[in-house]
Amino acid sequence: MARAMRDGNGRPVVVVTGIGIVTSLGRGMADNWAGLTAGRSGVHEIKRFPTDGLSTRIAGTIDDFALDKISAPGLAKAFAAEAVTEAISQSGIGSAASFPGPLFLATPPAEVEWPTRIEVYESARNGSPVTQPQLKQAARRGSFEDRHALFLFGQVGEYLADKFGTRGQPVSLSTACASGGTAIQLGVEAIRRGETDSALCVATDGSVHAESLIRFSLLSALSTRNEPPEAAARPFSKDRDGFVMAEGSAALVLESYDAAKARGAKILGVVRGCGERADNFHRTRSTPDGTPIIGAIQNALDDACVEPGQIDYINAHGTSTPENDKIEYLSLATVFGDRLAGTPISSNKSIVGHTLTAAGAVEAAFSLMTIETGTIPPTINYDTPDPDMPLDVVPNEKRDAPVNMVLSNSFGFGGQNVCLVLSAEPA
Amino acid sequence: MDTRHEEEVWITGIGLVSSLGEGCEEHWHHLGNGKCREPVIDAQSFAPYAVHPLVEVDFSSQIPKRGDLRQMGPWQRLGTYTAGLALSDAGIAGDHTYLDKMDMIIAADGGERDMEVDGKILEDIGKRNDPEVFLNETLSTELRPTLFLSQLPNLMSGNISIVHKVCGSSRTFMGEEMAGVSAAQIAVQKIRHGQSELCLIGGAYSAERDDMQFMFELGKCLWPGEFEPLWERKTKGGGIVNGSVGAFLVLESRSHALNRGATAYARLTEVLSDRCNRAPGKATANAEKQIDALNGRLEPGPLAVLSGACGAEPATGEERAFLEGLSEKGFEVSARAVSTMLGHAVEAQFPAGLALAAIAASKKHFFEPFGPSDFEKPLTGNPERILVTSWGHWRGEGMALVESVQQPATHMAGE
């Protein structure tokens, strides 16, 4: 019998055997990779709702999914189902509607949305303002059970668990804009513990609606560079002014190396290591010296048993906010030292926008494609480099280069920092 | 490290705040000290819906900076406060040696909406011929800019990091009741396999919220009448009475606890979970499998159960029938409906059940009956092992086994 494949820490090696993706660039990896490497932006003027009076009128929405009624959880489900279908089909794992492992799902927080609130309110209208008790009674009297289920936090996970037959209770999570990374980390940990040979790690976000846009606007987090939309996201540029909200989903099928080999699956890459650290400085800002992010990067490298010099490419969090890019640069400079200038780094968000809850998984998927194809996607809109962050951002044009090992960063509000190290098959 | 040697998981700190009071001793005093008090009910504030209101709390004792308090909604304050109680109870509050490496898995909902702004919009939007533009304008001008940060689920853990300096890792699980189950389950698995030594888990639920009551009533889930103990509601269709509860636990590997001289309330031996579409009998089948998985750890005879049943039917009736059916396996179930005394606290329900189980295990005595139902039989003697359940009001079935721990004599104080 072949000896079981273990990593530098004596744990089962975790590999990726299926990838699925949906973004504003299209459905499926083929379209996404073509768009991403061509530097074709998915950001456009918002058509889903009127943007009159709003300072930001652009986003990377996905508008070609036909739903009876648009809702954030409805879109999150539709995108995730598409991505999972692609990932499972590529992996060839399990059988129809029977995935042999657990589901770890990064999904945006849900809440009752305005159309439902208005519908219930109007059903209770009686000439004077409807009181809270009257509103609740109207909810109880009406036929809104479908809405109750729709807006539960656990709902997207339950839908996917039913549709794809994953095992056990799905874990739904939010670590804000690091959520996708956390979903993958949970899957890696479960396989390393030997609880399962496989895990389905999914991240999804369909929450571009008026209130969510306004919420981020009120925090001055969004770019207001509406004209032209595709030039708004400009990570690491001197004139960056915020991120661009976007939608998307990515799904990864993780397996132990041994299980994947045993069933003859094609191995698309290895999740070598994961690292995290919580920041205690501020609700939206990072510790100014970058210590927690530095810690998360270092933890990921340690977990992967690699040195900074072994990283061939950095897939940046790179949101295009003044704050993020500055701290991300500072932290990377601390860990990589002089090597940083010679290490290519690019931000997928310059092209697809910031897919929020989904971003960590979307970017892990793109990182794996970078390893497989030897093509590094560019950072677009890089016309006025920020002189305070001298980086090789693979400006505006893709680059062909062998890439064996990638560091992918994800950071979020609330002090969330998650880093992944992804590599080629151990062979 | 993910070693093959499995570590025991100990509960070494508890933070518990509810309508009954604050802390382990106060809950023991009200529930287990030879008598059980009446539930604390606020029948007026949200009439016709009753709630178990949060006891008066001096938040500044755990959240000293006024700026921090101002940034949080009531739900976040409750969680951050209760997390601080658990850390103090475990003897690690303010000790950066431990906080810096401590992991955190929090079960969270979202925070409070601005009901005044919502009300204004709802009253006027139906009269407008440009409703969506009106919505844009009103939300843009009326919402407090930082409100969003008191609404994001992961900002409860974010605030715990900021206020209490828990910095090893921070993960927020969502999904109503099952978020609390998964938080405990993943923490146990991580500690058992050496992926963590020290982990804060828990959740907080504020029942005194019109927005959440509205959400529950879209599904016709609440109990709309005068308060009745949980098991008594079934004949009138059942329903949830929410309770404000913060429940946090410090979980720790046995070896880590011994190394720092910490004592345990109890061992969290196992946490199990599963799901189904809730076709009749399927939740029961899951729970049966969980009992089978615990086989060998449970002994026939008296069995103490802290049920997280929410009151909504058919789930509550099915859980009761399942527990009664355990008599066929030789268990004499003595159940306590946590919800009768604390109310249903959704994400915090399972952590609250674990906290109560740990308290009872450490007191070597089970709680007095919480209600008049003959299902809540008195149980004499040391329970030694306590079963904790939480079935979601909509989906998911969770179960845990909490057991007494023999404190090693070599670590007793004064030697």
# chains A, B, ... in the order shown; residues from 1 in each chain; ligands from 1
>>> residues_around(residues="A:Glu119", least_positions_apart="2", cutoff="10 Å", atoms="only C-alpha atoms", output="list of chain:residue names")
A:Trp114, A:Pro115, A:Thr116, A:Arg117, A:Tyr121, A:Glu122, A:Ser123, A:Ala124, A:Ala138, A:Ala139, A:Gly142, A:Phe144, B:Leu122, B:Gly126
>>> write_last_selection(atoms="all heavy atoms", output="short mmCIF file (atom, residue, chain, number, x, y, z; two decimals), in the first residue's frame")
data_model
loop_
_atom_site.label_atom_id
_atom_site.label_comp_id
_atom_site.auth_asym_id
_atom_site.auth_seq_id
_atom_site.Cartn_x
_atom_site.Cartn_y
_atom_site.Cartn_z
N TRP A 114 -37.04 45.26 1.97
CA TRP A 114 -38.08 46.30 1.86
C TRP A 114 -39.37 45.85 1.18
O TRP A 114 -40.46 46.18 1.67
CB TRP A 114 -37.49 47.55 1.19
CG TRP A 114 -36.68 48.34 2.18
CD1 TRP A 114 -35.32 48.42 2.26
CD2 TRP A 114 -37.18 49.11 3.29
NE1 TRP A 114 -34.94 49.19 3.33
CE2 TRP A 114 -36.06 49.62 3.97
CE3 TRP A 114 -38.45 49.41 3.76
CZ2 TRP A 114 -36.18 50.43 5.11
CZ3 TRP A 114 -38.58 50.20 4.88
CH2 TRP A 114 -37.45 50.71 5.55
N PRO A 115 -39.32 45.14 0.07
CA PRO A 115 -40.60 44.75 -0.55
C PRO A 115 -41.51 43.98 0.41
O PRO A 115 -42.73 44.20 0.43
CB PRO A 115 -40.17 43.88 -1.74
CG PRO A 115 -38.79 44.38 -2.07
CD PRO A 115 -38.16 44.75 -0.75
N THR A 116 -40.94 43.10 1.23
CA THR A 116 -41.74 42.35 2.19
C THR A 116 -42.25 43.26 3.30
O THR A 116 -43.43 43.20 3.68
CB THR A 116 -40.92 41.18 2.79
OG1 THR A 116 -40.56 40.30 1.73
CG2 THR A 116 -41.71 40.44 3.86
N ARG A 117 -41.36 44.12 3.81
CA ARG A 117 -41.79 45.05 4.86
C ARG A 117 -42.95 45.91 4.37
O ARG A 117 -43.94 46.10 5.06
CB ARG A 117 -40.62 45.99 5.23
CG ARG A 117 -39.82 45.50 6.37
CD ARG A 117 -38.83 46.57 6.83
NE ARG A 117 -37.59 45.89 7.12
CZ ARG A 117 -36.44 46.04 6.48
NH1 ARG A 117 -36.32 46.93 5.54
NH2 ARG A 117 -35.42 45.31 6.81
N TYR A 121 -46.82 45.99 5.69
CA TYR A 121 -47.29 47.28 6.21
C TYR A 121 -48.58 47.69 5.50
O TYR A 121 -49.56 48.09 6.14
CB TYR A 121 -46.22 48.35 6.02
CG TYR A 121 -46.48 49.64 6.77
CD1 TYR A 121 -45.95 49.83 8.04
CD2 TYR A 121 -47.23 50.67 6.21
CE1 TYR A 121 -46.17 51.00 8.74
CE2 TYR A 121 -47.46 51.85 6.89
CZ TYR A 121 -46.93 52.01 8.16
OH TYR A 121 -47.15 53.17 8.85
N GLU A 122 -48.57 47.56 4.19
CA GLU A 122 -49.76 47.98 3.42
C GLU A 122 -50.96 47.10 3.77
O GLU A 122 -52.10 47.57 3.78
CB GLU A 122 -49.47 47.93 1.92
CG GLU A 122 -48.46 48.98 1.45
CD GLU A 122 -48.86 50.43 1.77
OE1 GLU A 122 -50.08 50.73 1.75
OE2 GLU A 122 -47.97 51.26 2.07
N SER A 123 -50.70 45.83 4.09
CA SER A 123 -51.82 44.94 4.44
C SER A 123 -52.43 45.34 5.78
O SER A 123 -53.54 44.92 6.12
CB SER A 123 -51.34 43.48 4.47
OG SER A 123 -50.64 43.20 5.68
N ALA A 124 -51.68 46.12 6.56
CA ALA A 124 -52.17 46.52 7.89
C ALA A 124 -52.62 47.98 7.92
O ALA A 124 -53.11 48.45 8.94
CB ALA A 124 -51.07 46.30 8.93
N ALA A 138 -50.18 41.56 11.51
CA ALA A 138 -50.42 41.46 10.06
C ALA A 138 -49.52 40.40 9.45
O ALA A 138 -49.94 39.64 8.56
CB ALA A 138 -50.19 42.81 9.40
N ALA A 139 -48.28 40.33 9.94
CA ALA A 139 -47.37 39.29 9.46
C ALA A 139 -47.95 37.91 9.78
O ALA A 139 -47.92 36.99 8.96
CB ALA A 139 -46.00 39.45 10.11
N GLY A 142 -51.09 37.07 7.54
CA GLY A 142 -50.88 36.89 6.10
C GLY A 142 -50.25 35.56 5.75
O GLY A 142 -50.15 34.67 6.60
N PHE A 144 -46.94 34.66 4.72
CA PHE A 144 -45.55 35.10 4.51
C PHE A 144 -44.55 34.04 4.95
O PHE A 144 -43.38 34.34 5.13
CB PHE A 144 -45.29 36.39 5.29
CG PHE A 144 -46.16 37.55 4.86
CD1 PHE A 144 -47.19 38.00 5.66
CD2 PHE A 144 -45.93 38.18 3.64
CE1 PHE A 144 -47.99 39.06 5.26
CE2 PHE A 144 -46.72 39.24 3.24
CZ PHE A 144 -47.76 39.69 4.06
N LEU B 122 -41.95 53.39 5.93
CA LEU B 122 -43.11 52.52 5.66
C LEU B 122 -44.39 53.34 5.59
O LEU B 122 -45.28 53.05 4.78
CB LEU B 122 -43.22 51.43 6.73
CG LEU B 122 -42.15 50.34 6.64
CD1 LEU B 122 -42.17 49.45 7.88
CD2 LEU B 122 -42.36 49.49 5.37
N GLY B 126 -45.66 54.11 0.49
CA GLY B 126 -46.81 53.66 -0.28
C GLY B 126 -47.55 54.80 -0.98
O GLY B 126 -48.35 54.58 -1.89
#
>>> select_by_dssp(residues="stretch 97-271 of chain A", states="alpha helix (DSSP H)", output="JSON, numbers by chain")
{"A": [114, 115, 116, 117, 118, 119, 120, 121, 122, 123, 124, 132, 133, 134, 135, 136, 137, 138, 139, 140, 141, 145, 146, 147, 148, 149, 150, 155, 156, 157, 158, 159, 160, 161, 162, 163, 164, 179, 180, 181, 182, 183, 184, 185, 186, 187, 188, 189, 190, 191, 192, 210, 211, 212, 213, 214, 215, 216, 217, 218, 257, 258, 259, 260, 261, 262]}
>>> select_by_dssp(residues="stretch 84-303 of chain B", states="strand (DSSP E)", output="number ranges by chain")
B: 103-107, 171-174, 198-205, 245-253, 266-274, 301-303
>>> write_last_selection(atoms="N, CA and C atoms", output="short mmCIF file (atom, residue, chain, number, x, y, z; two decimals), in the first residue's frame")
data_model
loop_
_atom_site.label_atom_id
_atom_site.label_comp_id
_atom_site.auth_asym_id
_atom_site.auth_seq_id
_atom_site.Cartn_x
_atom_site.Cartn_y
_atom_site.Cartn_z
N ASP B 103 -8.72 31.30 20.56
CA ASP B 103 -9.63 31.26 19.41
C ASP B 103 -11.02 31.66 19.86
N MET B 104 -11.83 32.04 18.89
CA MET B 104 -13.18 32.51 19.23
C MET B 104 -14.14 32.07 18.12
N ILE B 105 -15.21 31.41 18.51
CA ILE B 105 -16.27 31.06 17.55
C ILE B 105 -17.60 31.53 18.13
N ILE B 106 -18.19 32.51 17.49
CA ILE B 106 -19.38 33.16 18.02
C ILE B 106 -20.58 32.83 17.12
N ALA B 107 -21.70 32.55 17.75
CA ALA B 107 -22.95 32.33 17.00
C ALA B 107 -23.74 33.63 17.02
N ARG B 171 -14.13 33.80 14.47
CA ARG B 171 -15.05 33.28 13.45
C ARG B 171 -16.48 33.46 13.93
N THR B 172 -17.34 33.83 13.04
CA THR B 172 -18.75 34.02 13.38
C THR B 172 -19.59 33.04 12.58
N PHE B 173 -20.36 32.23 13.29
CA PHE B 173 -21.25 31.29 12.63
C PHE B 173 -22.66 31.85 12.63
N MET B 174 -23.39 31.58 11.57
CA MET B 174 -24.76 32.06 11.44
C MET B 174 -25.68 30.87 11.17
N LEU B 198 -7.49 26.64 23.45
CA LEU B 198 -8.28 27.54 24.27
C LEU B 198 -9.23 28.28 23.34
N CYS B 199 -10.53 28.17 23.60
CA CYS B 199 -11.48 28.75 22.64
C CYS B 199 -12.68 29.34 23.37
N LEU B 200 -13.01 30.55 23.01
CA LEU B 200 -14.22 31.19 23.54
C LEU B 200 -15.35 30.93 22.56
N ILE B 201 -16.45 30.36 23.08
CA ILE B 201 -17.62 30.18 22.22
C ILE B 201 -18.83 30.81 22.90
N GLY B 202 -19.86 31.07 22.12
CA GLY B 202 -21.08 31.57 22.74
C GLY B 202 -21.90 32.41 21.78
N GLY B 203 -22.91 33.02 22.35
CA GLY B 203 -23.79 33.85 21.56
C GLY B 203 -24.65 34.70 22.47
N ALA B 204 -25.32 35.65 21.89
CA ALA B 204 -26.20 36.51 22.66
C ALA B 204 -27.43 36.80 21.81
N TYR B 205 -28.56 36.86 22.47
CA TYR B 205 -29.80 37.16 21.75
C TYR B 205 -30.59 38.19 22.54
N VAL B 245 -30.75 36.57 26.34
CA VAL B 245 -29.75 35.72 26.98
C VAL B 245 -28.38 35.96 26.36
N GLY B 246 -27.39 36.11 27.18
CA GLY B 246 -26.01 36.02 26.73
C GLY B 246 -25.41 34.79 27.37
N ALA B 247 -24.76 33.94 26.55
CA ALA B 247 -24.18 32.70 27.08
C ALA B 247 -22.84 32.44 26.40
N PHE B 248 -21.78 32.47 27.17
CA PHE B 248 -20.44 32.22 26.63
C PHE B 248 -19.72 31.20 27.50
N LEU B 249 -18.87 30.40 26.85
CA LEU B 249 -18.08 29.41 27.58
C LEU B 249 -16.63 29.48 27.13
N VAL B 250 -15.74 29.33 28.09
CA VAL B 250 -14.33 29.12 27.77
C VAL B 250 -14.11 27.62 27.72
N LEU B 251 -13.74 27.15 26.53
CA LEU B 251 -13.42 25.72 26.34
C LEU B 251 -11.91 25.59 26.26
N GLU B 252 -11.41 24.52 26.82
CA GLU B 252 -9.97 24.43 26.98
C GLU B 252 -9.57 22.96 26.98
N SER B 253 -8.41 22.66 26.42
CA SER B 253 -7.95 21.27 26.51
C SER B 253 -7.60 20.98 27.97
N ALA B 266 -16.98 21.26 34.06
CA ALA B 266 -17.42 19.98 33.50
C ALA B 266 -16.62 19.69 32.25
N ARG B 267 -16.78 18.49 31.76
CA ARG B 267 -16.21 18.11 30.47
C ARG B 267 -17.29 18.19 29.40
N LEU B 268 -16.94 18.80 28.27
CA LEU B 268 -17.85 18.80 27.12
C LEU B 268 -17.41 17.62 26.26
N THR B 269 -18.03 16.49 26.52
CA THR B 269 -17.54 15.23 25.95
C THR B 269 -17.81 15.13 24.46
N GLU B 270 -18.99 15.58 24.06
CA GLU B 270 -19.35 15.39 22.65
C GLU B 270 -20.40 16.41 22.24
N VAL B 271 -20.28 16.92 21.02
CA VAL B 271 -21.34 17.74 20.42
C VAL B 271 -21.65 17.14 19.05
N LEU B 272 -22.92 16.90 18.80
CA LEU B 272 -23.35 16.26 17.55
C LEU B 272 -24.41 17.12 16.88
N SER B 273 -24.46 17.05 15.55
CA SER B 273 -25.49 17.81 14.85
C SER B 273 -25.86 17.12 13.55
N ASP B 274 -27.03 17.40 13.08
CA ASP B 274 -27.45 16.90 11.77
C ASP B 274 -28.62 17.74 11.29
N GLY B 301 -30.97 4.21 33.13
CA GLY B 301 -31.35 4.74 34.44
C GLY B 301 -31.71 6.20 34.29
N PRO B 302 -31.69 6.92 35.39
CA PRO B 302 -32.07 8.34 35.33
C PRO B 302 -31.15 9.11 34.37
N LEU B 303 -31.75 9.94 33.49
CA LEU B 303 -30.98 10.73 32.54
C LEU B 303 -31.45 12.18 32.58
#
>>> closest_residue(among="A:Ala210, A:Ala361, A:Ile371, A:Ile88", to="chain B", atoms="only C-alpha atoms")
A:Ala210
>>> interface_residues(of="chain A", to="chain B", cutoff="7 Å", atoms="only C-alpha atoms", output="PyMOL selection string")
chain A and resi 9+11+50+52-54+109+112+118+121+129+132+136+139-140+144-145+147-148+152-154+168-169+171-176+192-193+210+214-215+218-219+276-283+414-416
>>> residues_around(residues="B:Glu376", least_positions_apart="4", cutoff="9 Å", atoms="only C-alpha atoms", output="PyMOL selection string")
chain B and resi 333-337+368-372
>>> closest_residue(among="A:Pro378, A:Gly360, A:Gly242, A:Gly180", to="A:Ser223", atoms="only C-alpha atoms")
A:Gly242
>>> atom_distance(atom1="atom CA of A:Glu227", atom2="atom CA of A:Asn32")
23.6 Å
>>> residues_around(residues="A:Ala424", least_positions_apart="5", cutoff="12 Å", atoms="only C-alpha atoms", output="VMD selection string")
chain A and resid 14 to 17 266 to 272 311 to 312 367 to 374 402 to 406
>>> closest_residue(among="A:Gln137, A:Thr23, A:Ser423, A:Thr357", to="A:Gly181", atoms="only C-alpha atoms")
A:Thr357
>>> closest_residue(among="A:Cys274, A:Ala34, A:Ala78, A:Leu391", to="A:Ile297", atoms="only C-alpha atoms")
A:Cys274
>>> atom_distance(atom1="atom CA of B:Ala348", atom2="atom CA of B:His29")
21.1 Å
>>> residues_around(residues="A:Val22", least_positions_apart="3", cutoff="9 Å", atoms="only C-alpha atoms", output="PyMOL selection string")
chain A and resi 25-29+32+62+79-80+82-83+247-250+362
>>> write_last_selection(atoms="N, CA, C and O atoms", output="mmCIF file, in the first residue's frame")
data_model
loop_
_atom_site.group_PDB
_atom_site.id
_atom_site.type_symbol
_atom_site.label_atom_id
_atom_site.label_comp_id
_atom_site.auth_asym_id
_atom_site.auth_seq_id
_atom_site.Cartn_x
_atom_site.Cartn_y
_atom_site.Cartn_z
ATOM 1 N N LEU A 25 -18.080 38.743 -14.498
ATOM 2 C CA LEU A 25 -17.429 38.413 -15.768
ATOM 3 C C LEU A 25 -18.139 37.279 -16.495
ATOM 4 O O LEU A 25 -17.888 37.057 -17.681
ATOM 5 N N GLY A 26 -18.974 36.531 -15.786
ATOM 6 C CA GLY A 26 -19.684 35.449 -16.449
ATOM 7 C C GLY A 26 -19.854 34.245 -15.549
ATOM 8 O O GLY A 26 -19.521 34.279 -14.367
ATOM 9 N N ARG A 27 -20.417 33.192 -16.153
ATOM 10 C CA ARG A 27 -20.617 31.939 -15.427
ATOM 11 C C ARG A 27 -19.559 30.945 -15.862
ATOM 12 O O ARG A 27 -19.356 30.726 -17.049
ATOM 13 N N GLY A 28 -18.918 30.336 -14.881
ATOM 14 C CA GLY A 28 -17.964 29.281 -15.210
ATOM 15 C C GLY A 28 -16.547 29.812 -15.311
ATOM 16 O O GLY A 28 -16.314 30.994 -15.569
ATOM 17 N N MET A 29 -15.585 28.918 -15.081
ATOM 18 C CA MET A 29 -14.190 29.343 -15.047
ATOM 19 C C MET A 29 -13.699 29.800 -16.407
ATOM 20 O O MET A 29 -12.886 30.725 -16.501
ATOM 21 N N ASN A 32 -14.722 33.369 -16.950
ATOM 22 C CA ASN A 32 -14.114 34.208 -15.929
ATOM 23 C C ASN A 32 -12.619 34.380 -16.167
ATOM 24 O O ASN A 32 -12.084 35.482 -16.049
ATOM 25 N N ILE A 62 -24.543 40.883 -10.920
ATOM 26 C CA ILE A 62 -24.778 39.808 -11.887
ATOM 27 C C ILE A 62 -26.257 39.852 -12.216
ATOM 28 O O ILE A 62 -27.100 39.659 -11.338
ATOM 29 N N PHE A 79 -26.411 31.930 -7.339
ATOM 30 C CA PHE A 79 -24.994 31.973 -7.719
ATOM 31 C C PHE A 79 -24.264 30.754 -7.154
ATOM 32 O O PHE A 79 -23.445 30.127 -7.829
ATOM 33 N N ALA A 80 -24.545 30.448 -5.887
ATOM 34 C CA ALA A 80 -23.842 29.339 -5.244
ATOM 35 C C ALA A 80 -24.176 28.026 -5.935
ATOM 36 O O ALA A 80 -23.290 27.187 -6.158
ATOM 37 N N GLU A 82 -24.954 27.509 -8.980
ATOM 38 C CA GLU A 82 -24.227 27.472 -10.259
ATOM 39 C C GLU A 82 -22.751 27.094 -10.032
ATOM 40 O O GLU A 82 -22.200 26.236 -10.717
ATOM 41 N N ALA A 83 -22.140 27.750 -9.051
ATOM 42 C CA ALA A 83 -20.713 27.499 -8.793
ATOM 43 C C ALA A 83 -20.488 26.072 -8.301
ATOM 44 O O ALA A 83 -19.547 25.394 -8.728
ATOM 45 N N GLU A 247 -20.864 41.145 -6.948
ATOM 46 C CA GLU A 247 -21.522 39.891 -6.578
ATOM 47 C C GLU A 247 -20.758 38.707 -7.160
ATOM 48 O O GLU A 247 -20.017 38.862 -8.142
ATOM 49 N N GLY A 248 -20.985 37.556 -6.602
ATOM 50 C CA GLY A 248 -20.337 36.380 -7.140
ATOM 51 C C GLY A 248 -20.395 35.202 -6.197
ATOM 52 O O GLY A 248 -20.917 35.307 -5.080
ATOM 53 N N SER A 249 -19.862 34.115 -6.670
ATOM 54 C CA SER A 249 -19.760 32.920 -5.843
ATOM 55 C C SER A 249 -18.615 32.062 -6.364
ATOM 56 O O SER A 249 -18.313 32.064 -7.554
ATOM 57 N N ALA A 250 -17.971 31.372 -5.444
ATOM 58 C CA ALA A 250 -16.996 30.367 -5.859
ATOM 59 C C ALA A 250 -17.158 29.159 -4.963
ATOM 60 O O ALA A 250 -17.532 29.278 -3.799
ATOM 61 N N VAL A 362 -13.469 33.341 -4.289
ATOM 62 C CA VAL A 362 -13.286 33.731 -5.694
ATOM 63 C C VAL A 362 -11.796 33.882 -5.986
ATOM 64 O O VAL A 362 -11.277 33.392 -7.006
#
>>> atom_distance(atom1="atom CA of B:Arg385", atom2="atom CA of B:Leu298")
7.7 Å
>>> residues_around(residues="B:Glu328", least_positions_apart="5", cutoff="12 Å", atoms="only C-alpha atoms", output="PyMOL selection string")
chain B and resi 288+300-301+321-323+333
